[in-house]
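So this one's input.pdb, PDB, C-alpha atoms, pLDDT in the B column:
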ATOM      1  CA  MET A   1      92.027  27.145 141.060  1.00 74.00           C
ATOM      2  CA  SER A   2      90.982  30.697 140.221  1.00 85.00           C
ATOM      3  CA  ASP A   3      88.053  29.419 138.134  1.00 88.00           C
ATOM      4  CA  LEU A   4      86.905  27.239 140.992  1.00 89.00           C
ATOM      5  CA  GLU A   5      87.043  30.171 143.419  1.00 90.00           C
ATOM      6  CA  SER A   6      85.047  32.435 141.116  1.00 91.00           C
ATOM      7  CA  MET A   7      82.450  29.712 140.500  1.00 91.00           C
ATOM      8  CA  MET A   8      82.076  29.107 144.239  1.00 91.00           C
ATOM      9  CA  SER A   9      81.796  32.844 144.845  1.00 91.00           C
ATOM     10  CA  ARG A  10      78.972  33.179 142.286  1.00 91.00           C
ATOM     11  CA  ILE A  11      77.110  30.214 143.764  1.00 92.00           C
ATOM     12  CA  LEU A  12      77.425  31.616 147.289  1.00 91.00           C
ATOM     13  CA  ASP A  13      76.294  35.058 146.130  1.00 91.00           C
ATOM     14  CA  LYS A  14      73.166  33.563 144.547  1.00 90.00           C
ATOM     15  CA  LYS A  15      72.359  31.503 147.632  1.00 88.00           C
ATOM     16  CA  LEU A  16      72.862  34.454 149.981  1.00 86.00           C
ATOM     17  CA  ALA A  17      70.695  36.678 147.760  1.00 86.00           C
ATOM     18  CA  ASN A  18      67.887  34.087 147.957  1.00 84.00           C
ATOM     19  CA  ILE A  19      68.169  33.945 151.741  1.00 82.00           C
ATOM     20  CA  ILE A  20      68.144  37.734 152.062  1.00 80.00           C
ATOM     21  CA  GLU A  21      65.069  38.021 149.797  1.00 80.00           C
ATOM     22  CA  SER A  22      63.136  35.400 151.765  1.00 76.00           C
ATOM     23  CA  THR A  23      63.938  36.908 155.173  1.00 71.00           C
ATOM     24  CA  PRO A  24      61.018  39.047 156.441  1.00 64.00           C
ATOM     25  CA  LYS A  25      61.781  42.727 156.764  1.00 64.00           C
ATOM     26  CA  VAL A  26      61.134  44.696 159.926  1.00 56.00           C
ATOM     27  CA  GLU A  27      58.338  46.632 158.225  1.00 58.00           C
ATOM     28  CA  ASP A  28      56.571  43.324 157.402  1.00 56.00           C
ATOM     29  CA  PHE A  29      55.871  42.707 161.076  1.00 55.00           C
ATOM     30  CA  PRO A  30      52.817  44.230 162.724  1.00 55.00           C
ATOM     31  CA  LYS A  31      53.408  47.639 164.250  1.00 62.00           C
ATOM     32  CA  ASP A  32      50.564  47.238 166.705  1.00 67.00           C
ATOM     33  CA  ILE A  33      51.230  46.336 170.276  1.00 85.00           C
ATOM     34  CA  LEU A  34      50.792  42.682 171.086  1.00 90.00           C
ATOM     35  CA  TYR A  35      48.105  41.641 173.553  1.00 93.00           C
ATOM     36  CA  LYS A  36      48.449  38.521 175.663  1.00 94.00           C
ATOM     37  CA  ARG A  37      45.562  36.046 175.615  1.00 95.00           C
ATOM     38  CA  LYS A  38      44.061  37.368 178.821  1.00 95.00           C
ATOM     39  CA  ASP A  39      44.189  40.993 177.661  1.00 93.00           C
ATOM     40  CA  ALA A  40      42.674  40.098 174.277  1.00 93.00           C
ATOM     41  CA  ALA A  41      39.860  38.178 175.988  1.00 93.00           C
ATOM     42  CA  ILE A  42      39.134  41.174 178.228  1.00 93.00           C
ATOM     43  CA  ARG A  43      39.056  43.523 175.229  1.00 90.00           C
ATOM     44  CA  LEU A  44      36.711  41.158 173.387  1.00 90.00           C
ATOM     45  CA  GLN A  45      34.682  40.574 176.570  1.00 90.00           C
ATOM     46  CA  ILE A  46      34.894  36.800 176.174  1.00 92.00           C
ATOM     47  CA  SER A  47      36.387  33.992 178.234  1.00 95.00           C
ATOM     48  CA  LEU A  48      39.769  32.391 177.563  1.00 95.00           C
ATOM     49  CA  PRO A  49      38.201  29.109 176.349  1.00 96.00           C
ATOM     50  CA  THR A  50      36.051  31.112 173.906  1.00 94.00           C
ATOM     51  CA  LEU A  51      39.149  32.959 172.692  1.00 94.00           C
ATOM     52  CA  ASP A  52      40.880  29.612 172.116  1.00 94.00           C
ATOM     53  CA  ALA A  53      37.845  28.335 170.199  1.00 94.00           C
ATOM     54  CA  TRP A  54      37.708  31.505 168.082  1.00 92.00           C
ATOM     55  CA  THR A  55      41.415  31.154 167.309  1.00 93.00           C
ATOM     56  CA  ARG A  56      40.987  27.523 166.228  1.00 93.00           C
ATOM     57  CA  ALA A  57      37.904  28.443 164.159  1.00 91.00           C
ATOM     58  CA  GLY A  58      39.756  31.275 162.406  1.00 89.00           C
ATOM     59  CA  ILE A  59      37.551  34.052 163.768  1.00 89.00           C
ATOM     60  CA  ILE A  60      40.610  35.739 165.238  1.00 93.00           C
ATOM     61  CA  ASN A  61      44.211  35.448 164.102  1.00 93.00           C
ATOM     62  CA  GLY A  62      46.844  34.833 166.739  1.00 92.00           C
ATOM     63  CA  ARG A  63      50.580  35.210 166.440  1.00 91.00           C
ATOM     64  CA  ARG A  64      52.642  32.481 168.038  1.00 91.00           C
ATOM     65  CA  ILE A  65      55.897  33.633 169.567  1.00 89.00           C
ATOM     66  CA  GLY A  66      57.621  30.705 171.181  1.00 89.00           C
ATOM     67  CA  THR A  67      54.959  28.903 173.190  1.00 91.00           C
ATOM     68  CA  ARG A  68      52.723  31.949 173.657  1.00 93.00           C
ATOM     69  CA  ILE A  69      49.995  33.407 171.467  1.00 93.00           C
ATOM     70  CA  TYR A  70      49.574  37.152 171.043  1.00 94.00           C
ATOM     71  CA  TYR A  71      46.933  39.257 169.314  1.00 94.00           C
ATOM     72  CA  THR A  72      47.203  42.693 167.699  1.00 91.00           C
ATOM     73  CA  GLU A  73      44.652  45.488 167.815  1.00 89.00           C
ATOM     74  CA  LYS A  74      43.832  44.741 164.174  1.00 90.00           C
ATOM     75  CA  ASP A  75      43.251  41.061 165.006  1.00 90.00           C
ATOM     76  CA  ILE A  76      40.854  42.039 167.778  1.00 91.00           C
ATOM     77  CA  ASN A  77      38.956  44.549 165.627  1.00 89.00           C
ATOM     78  CA  ASP A  78      38.653  42.074 162.761  1.00 89.00           C
ATOM     79  CA  ALA A  79      37.349  39.418 165.166  1.00 88.00           C
ATOM     80  CA  LEU A  80      34.702  41.833 166.457  1.00 86.00           C
ATOM     81  CA  LYS A  81      33.575  42.492 162.883  1.00 85.00           C
ATOM     82  CA  LYS A  82      33.396  38.760 162.127  1.00 80.00           C
ATOM     83  CA  ALA A  83      31.546  38.011 165.372  1.00 75.00           C
ATOM     84  CA  CYS A  84      28.947  40.707 164.699  1.00 75.00           C
ATOM     85  CA  LYS A  85      28.033  39.307 161.254  1.00 69.00           C
TER
END
Using structure tokens, write down the structure from this file.
Amino acid sequence: MSDLESMMSRILDKKLANIIESTPKVEDFPKDILYKRKDAAIRLQISLPTLDAWTRAGIINGRRIGTRIYYTEKDINDALKKACK
């Protein structure tokens, strides 16, 4: 029984270590504030349908949280650089 317990403990430790390694850390998330679609469109001086088209085309990266899409300052600046080329 003791061997079985130690084997199970090792297996669980390995599995938990894999889960912990694959979980994103707090510092991996963007530190910028998140802009709602309307705010991002205003900052880019484009309409909401254009923002949606740019997101689908990959000109700007959006972050989906639940059912909403948010944009960071970096996303907006990178989109401006891509749009100007």
Exercise for the section: Please identify all polymer residues within 12 Å of Trp54 (chain A), counting only C-alpha atoms, omitting same-chain residues fewer than 2 positions from it, and present them as a list of chain:residue names. Expected result: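 In the requested format, the answer is A:Arg37, A:Ala40, A:Ala41, A:Leu44, A:Ile46, A:Ser47, A:Leu48, A:Pro49, A:Thr50, A:Leu51, A:Asp52, A:Arg56, A:Ala57, A:Gly58, A:Ile59, A:Ile60, A:Asn61, A:Gly62, A:Asp75, A:Ile76, A:Asp78, A:Ala79, A:Leu80, A:Lys82, A:Ala83.
As for CA of Gln45 (chain A) and CA of Ile65 (chain A), they are spaced 23.4 Å apart.
Between CA of Leu34 (chain A) and CA of Cys84 (chain A) the separation is 22.8 Å.
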Practice task
Kindly give the distance, in Å, that separates CA of Tyr35 (chain A) and CA of Thr23 (chain A), rounded to a single decimal.
Solution key: 24.7 Å
